[in-house]
Every structure is written in C-alpha cells, then in structure tokens.
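Novice: Mind looking over this structure? Questions follow.
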Amino acid sequence: QVQLVESGGGSVQAGESLNLSCVDSGGFYSGNAMAWYRQAPGKQRDLVAALTSFGVTIYDDSVKGRFILSRDKAKGTLTLQMNNLKPEDTAVYYCNKYPAFKYNDWGQGTQVTVSS
C-alpha cells in the first residue's frame with residue numbers, strides 16, 4: 001500500500017517557483033533516505049534530488065542552484081522548493097525512498113508544467 005502523497009504541482013511560467021510537498025502519512029519511510037524523481041512524457045523516471053542516509057543532499061546537474069530539498073522527519077514530509085523553473089522541468093514529480101526502482105510502490109505524483 002502506497003503511503004506517499006505528493007502535492008504542490010501546477011502550471012507556471014518560466015522563471016517562477018513552486019514548492020512540492022510529499023507526506024509519508026504512515027511513517028513507513030521514516031527510516032529511509034528519501035528523494036524526488038520526475039518523469040517527462042516519453043522518458044524514463046529520473047532522480048531530481050536526494051537526501052542520503054549520510055545526510056548528504058545530491059542534485060541532478062540540471063537543477064543544481066535552482067532546487068532545494070528539505071525534510072522534516074517529525075512531520076513526515078519531504079519538500080522540494082523549485083525556483084527559476086524552466087520548460088524542461090515539465091514532468092510528473094514523485095517522491096520515494098532513495099534509491100527506488102520500478103518495482104517499488106509509487107504514488108500518483110504531482111504534475112509540473114512550465115511554459116515559456
């Protein structure tokens with residue numbers, strides 16, 4: 001049973017910001033490293049940003065300097081602050097443990113659409 005719920009997506013213009021939120025309502029993932037992933041139409045799902053078990057935050061090169069990942073374990077939330085959005089950021093965004101694979105449970109995701 002999937003217990004991760006993503007929200008905060010929307011349609012914005014290039015240069016604008018969005019704040020994505022992921023809630024682990026059951027606390028099932030509290031012991032896991034967590035990450036945000038995204039899947040653009042016709043493409044595979046890729047890692048966007050992850051907070052590793054060592055407390056290190058890693059970002060895909062395409063979002064470095066624009067996106068900020070944070071986590072509140074007490075609240076069971078994982079947040080992705082996305083600034084200076086670009087059309088190429090358009091995708092469905094998912095949160096999950098890190099690393100995660102196709103066979104893991106995935107939520108519905110949240111759609112982000114950036115127009116130029």
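Every chain in the structure tokens takes a letter, A first, then B, and so on in the order presented; its residues are numbered from 1, and the ligands are numbered from 1 following the presented order.
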Got a sec: who's within 7 Å of segment 14-27 of chain A, counting only C-alpha atoms, leaving out chain neighbours fewer than 3 positions off, as a ChimeraX atom specification?
Specialist: /A:3-9,30,76-87,95,114-116
Novice: With only C-alpha atoms as the basis for distance, which of A:Ser11, A:Thr113, A:Ser62, A:Thr90 is at the shortest distance from Ala40 of chain A?
Specialist: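 Smallest separation from Ala40 of chain A among the options: A:Thr90.
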Novice: Nearest to Gly107 of chain A: which of A:Tyr59, A:Tyr29, A:Phe67, A:Tyr94 is it, counting only C-alpha atoms?
Specialist: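 The answer is A:Tyr94, which sits nearest to Gly107 of chain A.
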Novice: Taking into account only C-alpha atoms, which residue in the set A:Ala74, A:Ala91, A:Ala35, A:Leu47 is nearest to Val112 of chain A?
Specialist: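 Of A:Ala74, A:Ala91, A:Ala35, A:Leu47, the one nearest Val112 of chain A is A:Ala91, counting only C-alpha atoms.
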Novice: Write down as JSON, numbers by chain the residues belonging to chain A that are assigned strand (DSSP E or B) by DSSP computed on the backbone.
Specialist: {"A": [4, 5, 6, 7, 10, 11, 12, 13, 18, 19, 20, 21, 22, 23, 24, 34, 35, 36, 37, 38, 39, 45, 46, 47, 48, 49, 50, 51, 57, 58, 59, 67, 68, 69, 70, 71, 72, 77, 78, 79, 80, 81, 82, 91, 92, 93, 94, 95, 96, 97, 110, 111, 112, 113, 114, 115]}
Novice: Which residues are near Tyr98 of chain A? Cut-off 7 Å, only C-alpha atoms, ignore same chain within fewer than 6 positions. Put them as a list in words.
Specialist: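 Contacts, in chain order: Ala33, Met34, Ala35 and Ala50 of chain A.
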Novice: For the residues in the current selection, export N, CA and C atoms as a short mmCIF file (atom, residue, chain, number, x, y, z; two decimals), in the first residue's frame.
Specialist:
```cif
data_model
loop_
_atom_site.label_atom_id
_atom_site.label_comp_id
_atom_site.auth_asym_id
_atom_site.auth_seq_id
_atom_site.Cartn_x
_atom_site.Cartn_y
_atom_site.Cartn_z
N ALA A 33 16.37 6.85 3.44
CA ALA A 33 16.77 8.03 2.69
C ALA A 33 15.65 8.31 1.69
N MET A 34 15.43 9.58 1.37
CA MET A 34 14.31 9.94 0.51
C MET A 34 14.76 10.82 -0.64
N ALA A 35 13.93 10.85 -1.67
CA ALA A 35 14.29 11.61 -2.86
C ALA A 35 13.05 12.03 -3.63
N ALA A 50 18.12 14.02 -3.83
CA ALA A 50 18.02 13.01 -2.79
C ALA A 50 18.73 13.45 -1.54
#
```
Novice: Using only C-alpha atoms, pick whichever of A:Gly65, A:Gly55, A:Gly109, A:Gly10 has the shortest atom-to-atom distance to Asn96 of chain A.
Specialist: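 Closest to Asn96 of chain A of all the choices is A:Gly109.
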Novice: Using atom CA of Ala49 of chain A and atom CA of Lys64 of chain A as the two end points, give the distance in Å to one decimal.
Specialist: 9.0 Å
Novice: Quote the spacing between atom CA of Asn32 of chain A and atom CA of Lys97 of chain A in Å to one decimal place.
Specialist: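 Result for atom CA of Asn32 of chain A versus atom CA of Lys97 of chain A: 5.9 Å, one decimal.
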Novice: I'd like the interatomic distance between atom CA of Tyr93 of chain A and atom CA of Lys73 of chain A, to a tenth of an Å.
Specialist: 20.1 Å
Novice: Calculated over only C-alpha atoms, which of the candidates A:Asp72, A:Asn104, A:Asp60, A:Gln13 has the smallest distance to Trp36 of chain A?
Specialist: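 Of all the options, A:Asp60 lies closest to Trp36 of chain A.
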